[in-house]
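Colleague: So that you have it, the file is model_5.cif, and it contains mmCIF, C-alpha atoms:
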data_coords
#
loop_
_atom_site.group_PDB
_atom_site.id
_atom_site.type_symbol
_atom_site.label_atom_id
_atom_site.label_comp_id
_atom_site.auth_asym_id
_atom_site.auth_seq_id
_atom_site.Cartn_x
_atom_site.Cartn_y
_atom_site.Cartn_z
ATOM 1 C CA MET B 1 0.000 0.000 0.000
ATOM 2 C CA ALA B 2 2.829 2.332 0.864
ATOM 3 C CA SER B 3 4.397 1.837 -2.548
ATOM 4 C CA ALA B 4 1.032 2.434 -4.262
ATOM 5 C CA ALA B 5 0.631 5.707 -2.334
ATOM 6 C CA ARG B 6 4.187 6.669 -3.278
ATOM 7 C CA ALA B 7 3.494 5.910 -6.975
ATOM 8 C CA ILE B 8 0.327 8.056 -6.866
ATOM 9 C CA ALA B 9 2.295 10.888 -5.238
ATOM 10 C CA ILE B 10 4.974 10.679 -7.951
ATOM 11 C CA ILE B 11 2.328 10.684 -10.715
ATOM 12 C CA GLY B 12 0.689 13.723 -9.110
ATOM 13 C CA GLU B 13 4.009 15.571 -9.021
ATOM 14 C CA ILE B 14 4.738 14.754 -12.664
ATOM 15 C CA ALA B 15 1.227 15.881 -13.672
ATOM 16 C CA GLN B 16 2.029 19.318 -12.258
ATOM 17 C CA LEU B 17 5.538 19.505 -13.712
ATOM 18 C CA GLU B 18 4.804 18.016 -17.170
ATOM 19 C CA PRO B 19 1.160 18.668 -18.089
ATOM 20 C CA ILE B 20 1.674 17.985 -21.822
ATOM 21 C CA ALA B 21 3.373 14.630 -21.255
ATOM 22 C CA PHE B 22 0.801 13.732 -18.635
ATOM 23 C CA GLY B 23 -2.056 14.565 -21.006
ATOM 24 C CA LEU B 24 -0.544 12.346 -23.703
ATOM 25 C CA VAL B 25 -0.161 9.408 -21.326
ATOM 26 C CA MET B 26 -3.693 9.859 -19.970
ATOM 27 C CA SER B 27 -5.098 9.832 -23.514
ATOM 28 C CA LEU B 28 -3.219 6.555 -24.101
ATOM 29 C CA VAL B 29 -4.600 5.107 -20.871
ATOM 30 C CA ASN B 30 -8.168 6.307 -21.486
ATOM 31 C CA GLY B 31 -8.092 5.017 -25.061
ATOM 32 C CA LEU B 32 -7.666 1.492 -23.706
ATOM 33 C CA LYS B 33 -10.350 1.571 -21.014
ATOM 34 C CA GLY B 34 -12.932 -1.188 -21.305
ATOM 35 C CA LYS B 35 -11.299 -2.749 -24.358
ATOM 36 C CA SER B 36 -10.205 -6.352 -24.679
ATOM 37 C CA ASP B 37 -6.881 -7.275 -26.293
ATOM 38 C CA ALA B 38 -8.819 -8.359 -29.401
ATOM 39 C CA ASP B 39 -10.527 -4.922 -29.572
ATOM 40 C CA ILE B 40 -7.185 -3.114 -29.231
ATOM 41 C CA LEU B 41 -5.540 -5.230 -31.934
ATOM 42 C CA ALA B 42 -8.497 -4.789 -34.287
ATOM 43 C CA GLY B 43 -8.225 -1.011 -33.864
ATOM 44 C CA ASP B 44 -4.478 -1.096 -34.404
ATOM 45 C CA ALA B 45 -4.819 -3.179 -37.577
ATOM 46 C CA GLY B 46 -6.934 -0.339 -38.976
ATOM 47 C CA GLU B 47 -4.420 2.232 -37.714
ATOM 48 C CA TRP B 48 -1.539 0.523 -39.569
ATOM 49 C CA THR B 49 -3.609 0.409 -42.769
ATOM 50 C CA ASP B 50 -4.294 4.155 -42.460
ATOM 51 C CA ILE B 51 -0.599 4.935 -41.888
ATOM 52 C CA ILE B 52 0.422 2.898 -44.963
ATOM 53 C CA ALA B 53 -2.255 4.572 -47.117
ATOM 54 C CA LYS B 54 -1.170 8.023 -45.931
ATOM 55 C CA ALA B 55 2.515 7.225 -46.623
ATOM 56 C CA HIS B 56 1.569 6.179 -50.186
ATOM 57 C CA ALA B 57 -0.482 9.332 -50.709
ATOM 58 C CA GLU B 58 2.318 11.572 -49.400
ATOM 59 C CA ALA B 59 4.939 9.812 -51.548
ATOM 60 C CA SER B 60 2.926 10.465 -54.706
ATOM 61 C CA LYS B 61 2.596 14.227 -54.106
ATOM 62 C CA MET T 1 15.899 19.720 -24.910
ATOM 63 C CA LYS T 2 12.437 20.337 -23.439
ATOM 64 C CA THR T 3 10.883 17.958 -25.999
ATOM 65 C CA LYS T 4 13.395 15.233 -25.139
ATOM 66 C CA HIS T 5 12.483 15.658 -21.493
ATOM 67 C CA THR T 6 8.788 15.391 -22.351
ATOM 68 C CA ALA T 7 9.302 12.160 -24.308
ATOM 69 C CA LEU T 8 11.243 10.655 -21.444
ATOM 70 C CA VAL T 9 8.454 11.573 -19.037
ATOM 71 C CA VAL T 10 5.871 9.977 -21.359
ATOM 72 C CA VAL T 11 7.831 6.715 -21.382
ATOM 73 C CA LEU T 12 8.403 6.756 -17.617
ATOM 74 C CA LEU T 13 4.768 7.553 -16.884
ATOM 75 C CA SER T 14 3.541 4.856 -19.299
ATOM 76 C CA SER T 15 5.801 2.384 -17.510
ATOM 77 C CA LEU T 16 4.392 3.460 -14.139
ATOM 78 C CA PHE T 17 0.800 3.049 -15.322
ATOM 79 C CA PHE T 18 1.262 -0.204 -17.201
ATOM 80 C CA ALA T 19 3.752 -1.877 -14.837
ATOM 81 C CA GLY T 20 0.935 -2.092 -12.317
ATOM 82 C CA CYS T 21 -1.340 -3.596 -14.917
ATOM 83 C CA PRO T 22 -2.113 -7.168 -13.764
ATOM 84 C CA GLY T 23 -2.109 -8.592 -17.309
ATOM 85 C CA THR T 24 -0.159 -11.444 -18.826
ATOM 86 C CA ALA T 25 2.969 -11.055 -20.950
ATOM 87 C CA TYR T 26 0.642 -11.298 -23.951
ATOM 88 C CA HIS T 27 -1.476 -8.419 -22.669
ATOM 89 C CA LYS T 28 1.652 -6.325 -22.049
ATOM 90 C CA ALA T 29 2.850 -7.091 -25.583
ATOM 91 C CA VAL T 30 -0.532 -5.908 -26.923
ATOM 92 C CA ILE T 31 -0.314 -2.688 -24.884
ATOM 93 C CA ALA T 32 3.241 -2.078 -26.132
ATOM 94 C CA GLU T 33 2.128 -2.678 -29.724
ATOM 95 C CA HIS T 34 -0.719 -0.226 -29.216
ATOM 96 C CA ASP T 35 1.535 2.460 -27.677
ATOM 97 C CA PHE T 36 3.920 1.935 -30.552
ATOM 98 C CA SER T 37 1.205 2.372 -33.213
ATOM 99 C CA VAL T 38 0.048 5.604 -31.517
ATOM 100 C CA THR T 39 3.632 6.878 -31.507
ATOM 101 C CA VAL T 40 4.159 6.070 -35.208
ATOM 102 C CA ALA T 41 0.864 7.772 -36.153
ATOM 103 C CA ALA T 42 1.948 10.862 -34.162
ATOM 104 C CA PHE T 43 5.369 10.767 -35.832
ATOM 105 C CA GLN T 44 3.777 10.655 -39.305
ATOM 106 C CA GLN T 45 1.436 13.524 -38.425
ATOM 107 C CA ALA T 46 4.341 15.628 -37.110
ATOM 108 C CA GLU T 47 6.391 14.863 -40.239
ATOM 109 C CA ILE T 48 3.546 15.948 -42.547
ATOM 110 C CA VAL T 49 3.085 19.196 -40.586
ATOM 111 C CA GLU T 50 6.827 19.926 -40.821
ATOM 112 C CA PHE T 51 6.740 19.250 -44.586
ATOM 113 C CA GLN T 52 3.648 21.407 -45.131
ATOM 114 C CA SER T 53 5.299 24.215 -43.147
ATOM 115 C CA GLY T 54 8.331 24.088 -45.451
ATOM 116 C CA ARG T 55 10.787 23.015 -42.778
ATOM 117 C CA ILE T 56 11.303 19.614 -44.439
ATOM 118 C CA ASP T 57 12.038 19.468 -48.181
ATOM 119 C CA SER T 58 10.495 17.066 -50.726
ATOM 120 C CA ALA T 59 13.454 14.676 -50.817
ATOM 121 C CA GLU T 60 13.503 14.417 -47.020
ATOM 122 C CA HIS T 61 9.721 13.988 -46.963
ATOM 123 C CA LEU T 62 9.858 11.103 -49.464
ATOM 124 C CA LYS T 63 12.580 9.291 -47.504
ATOM 125 C CA LEU T 64 10.729 9.731 -44.225
ATOM 126 C CA GLU T 65 7.382 8.530 -45.616
ATOM 127 C CA ALA T 66 9.091 5.503 -47.231
ATOM 128 C CA GLY T 67 10.632 4.695 -43.837
ATOM 129 C CA ILE T 68 7.280 5.147 -42.084
ATOM 130 C CA GLU T 69 5.686 2.743 -44.570
ATOM 131 C CA LYS T 70 8.318 0.070 -43.779
ATOM 132 C CA VAL T 71 7.713 0.526 -40.051
ATOM 133 C CA ALA T 72 3.930 0.328 -40.566
ATOM 134 C CA LEU T 73 4.222 -2.861 -42.660
ATOM 135 C CA ALA T 74 6.310 -4.443 -39.884
ATOM 136 C CA GLY T 75 3.745 -3.212 -37.348
ATOM 137 C CA GLN T 76 0.948 -4.767 -39.370
ATOM 138 C CA THR T 77 2.770 -8.130 -39.358
ATOM 139 C CA LEU T 78 3.227 -7.927 -35.587
ATOM 140 C CA THR T 79 -0.452 -7.112 -35.064
ATOM 141 C CA SER T 80 -1.476 -10.094 -37.225
ATOM 142 C CA SER T 81 0.838 -12.381 -35.228
ATOM 143 C CA LEU T 82 -0.673 -11.227 -31.952
ATOM 144 C CA GLN T 83 -4.201 -11.621 -33.356
ATOM 145 C CA SER T 84 -3.525 -15.172 -34.537
ATOM 146 C CA GLY T 85 -1.901 -16.243 -31.262
ATOM 147 C CA ALA T 86 1.536 -16.852 -32.775
ATOM 148 C CA ALA T 87 4.364 -18.373 -30.747
ATOM 149 C CA ASN T 88 6.486 -16.201 -28.465
ATOM 150 C CA THR T 89 9.524 -16.623 -30.744
ATOM 151 C CA THR T 90 7.530 -15.358 -33.732
ATOM 152 C CA VAL T 91 6.293 -12.329 -31.774
ATOM 153 C CA GLN T 92 9.866 -11.637 -30.642
ATOM 154 C CA GLN T 93 11.076 -11.837 -34.261
ATOM 155 C CA ASN T 94 8.332 -9.413 -35.311
ATOM 156 C CA PHE T 95 9.402 -6.952 -32.632
ATOM 157 C CA ASN T 96 13.028 -7.300 -33.806
ATOM 158 C CA THR T 97 12.012 -6.597 -37.416
ATOM 159 C CA LEU T 98 10.054 -3.581 -36.221
ATOM 160 C CA SER T 99 13.036 -2.372 -34.225
ATOM 161 C CA ALA T 100 15.294 -2.660 -37.307
ATOM 162 C CA ALA T 101 12.787 -0.664 -39.392
ATOM 163 C CA VAL T 102 12.688 2.075 -36.737
ATOM 164 C CA THR T 103 16.503 2.223 -36.601
ATOM 165 C CA ASP T 104 16.562 2.513 -40.399
ATOM 166 C CA LEU T 105 13.984 5.315 -40.274
ATOM 167 C CA MET T 106 16.190 7.148 -37.792
ATOM 168 C CA ASN T 107 19.453 6.641 -39.712
ATOM 169 C CA SER T 108 18.300 7.103 -43.290
ATOM 170 C CA GLY T 109 15.461 9.550 -42.667
ATOM 171 C CA VAL T 110 15.466 11.589 -39.488
ATOM 172 C CA LEU T 111 19.228 12.139 -39.227
ATOM 173 C CA GLY T 112 19.200 13.495 -42.794
ATOM 174 C CA VAL T 113 16.736 16.292 -41.968
ATOM 175 C CA LYS T 114 18.589 19.582 -42.344
ATOM 176 C CA ASN T 115 16.382 21.786 -40.175
ATOM 177 C CA PRO T 116 17.687 21.222 -36.614
ATOM 178 C CA THR T 117 14.364 21.957 -34.894
ATOM 179 C CA SER T 118 12.460 19.524 -37.129
ATOM 180 C CA GLN T 119 15.164 16.911 -36.751
ATOM 181 C CA GLN T 120 15.042 17.191 -32.956
ATOM 182 C CA LEU T 121 11.238 16.936 -32.930
ATOM 183 C CA LEU T 122 11.242 13.782 -35.068
ATOM 184 C CA LYS T 123 14.195 12.311 -33.180
ATOM 185 C CA VAL T 124 12.297 12.502 -29.880
ATOM 186 C CA SER T 125 9.328 10.608 -31.394
ATOM 187 C CA ILE T 126 11.642 7.888 -32.711
ATOM 188 C CA GLN T 127 13.416 7.634 -29.364
ATOM 189 C CA THR T 128 10.038 7.198 -27.655
ATOM 190 C CA ALA T 129 9.191 4.394 -30.101
ATOM 191 C CA GLN T 130 12.592 2.766 -29.495
ATOM 192 C CA ALA T 131 12.084 2.937 -25.718
ATOM 193 C CA ILE T 132 8.712 1.149 -26.040
ATOM 194 C CA LEU T 133 10.333 -1.588 -28.149
ATOM 195 C CA ALA T 134 13.255 -1.947 -25.721
ATOM 196 C CA ASN T 135 10.808 -2.436 -22.821
ATOM 197 C CA VAL T 136 8.824 -5.101 -24.631
ATOM 198 C CA SER T 137 11.965 -6.848 -25.844
ATOM 199 C CA THR T 138 13.105 -7.245 -22.236
ATOM 200 C CA LEU T 139 9.641 -8.457 -21.231
ATOM 201 C CA LEU T 140 9.465 -11.096 -23.980
ATOM 202 C CA ALA T 141 13.004 -12.283 -23.365
ATOM 203 C CA ASN T 142 12.257 -12.882 -19.679
ATOM 204 C CA GLN T 143 8.854 -14.530 -19.969
ATOM 205 C CA THR T 144 7.150 -17.252 -21.882
ATOM 206 C CA THR T 145 4.367 -15.455 -23.686
ATOM 207 C CA THR T 146 1.129 -17.340 -23.960
ATOM 208 C CA THR T 147 -0.379 -15.604 -26.919
ATOM 209 C CA THR T 148 -3.965 -16.628 -26.589
ATOM 210 C CA GLY T 149 -6.881 -15.322 -24.650
ATOM 211 C CA GLY T 150 -5.198 -12.435 -22.855
ATOM 212 C CA LYS T 151 -7.601 -9.713 -21.752
#
Take the structure in the file and write it out as structure tokens.

Modeller:
Amino acid sequence: MASAARAIAIIGEIAQLEPIAFGLVMSLVNGLKGKSDADILAGDAGEWTDIIAKAHAEASK
Amino acid sequence: MKTKHTALVVVLLSSLFFAGCPGTAYHKAVIAEHDFSVTVAAFQQAEIVEFQSGRIDSAEHLKLEAGIEKVALAGQTLTSSLQSGAANTTVQQNFNTLSAAVTDLMNSGVLGVKNPTSQQLLKVSIQTAQAILANVSTLLANQTTTTTGGK
């Protein structure tokens, strides 16, 4: 319990010192809430397809 | 150096959040793959903005996008392996291939960017991606990953 309280205290300190980094991490964490591994992987498969399509489109400009 | 500091904090904070996650090695590999895909998408977005703003020239842009495509193809293979419940050794090989593609993107793309501010920005994103891969590589080397049914 003591280590959990310590971890929460450290996270709180970082949130104050690095709000941008903290916001990015929280969006990563929140994006995964309530999703199974299969859901996450299905979403990522679509993400990779989008990245590849965008890279093709940019290369042909 | 502020951006480098920020990237380091993102990696450290992600580790703090996800280290406490009670999941299996498989689940942690999925989370790492997800973090990695988010980082690559952010890298591509940042690269396009730098190009559109004129801070990256056409030749640099083409090299970077070609490198991003290689990374994304390797990422796609890794995602398929995780989805099909491939063996731990296969997943490890996929992560190694991904790592090589990221290193290539850094060496043949990012380090060739002439604008120092743009180069630094892109370098930090790549370093974040490399840190995620290094973490997962250690995890997979130390554990036997059961690649089915992790939630």

Colleague: Stretch 34-43 of chain T, all listed atoms, 6 Å padding on each side: what axis-aligned box centre and edge lengths in Å to one decimal come out, as AutoDock Vina command-line options?

Modeller:
--center_x 2.3 --center_y 5.3 --center_z -31.9 --size_x 18.1 --size_y 23.1 --size_z 20.5

Colleague: Could you list, as number ranges by chain, every residue of chain B that has an atom within 6 Å of an atom of chain T, counting all atoms listed in the file?

Modeller: B: 21, 36-37, 48, 52, 55, 59

Colleague: Could you check which of T:Gln130, T:Ser108, T:Gln52, T:Thr24 is closest to B:Glu58, using all atoms listed in the file?

Modeller: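 Ranking T:Gln130, T:Ser108, T:Gln52, T:Thr24 by distance to B:Glu58, first place goes to T:Gln52.
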
Colleague: In Å to one decimal, how far is atom CA of B:Leu32 from atom CA of T:Leu121?

Modeller: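 Taking atom CA of T:Leu121 as the start and atom CA of B:Leu32 as the end point, the length is 26.1 Å.
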
Colleague: Distance atom CA of T:Lys114-atom CA of T:Ile126, one decimal place?

Modeller: 16.7 Å

Colleague: Check the smallest atom-to-atom distance from each of T:Val136, T:Ala42, T:Ala32, T:Gly109 to T:Gln92 using all atoms listed in the file, then report the winner.

Modeller: T:Val136

Colleague: Just the number, please: distance in Å from atom CA of T:Asp57 to atom CA of B:Asp50, one decimal.

Modeller: 23.1 Å

Colleague: Quick one: of T:Thr39, T:Gly23, T:Leu140, T:Ala101, who's nearest to B:Ile51, counting only C-alpha atoms?

Modeller: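 The closest residue to B:Ile51 is T:Thr39.
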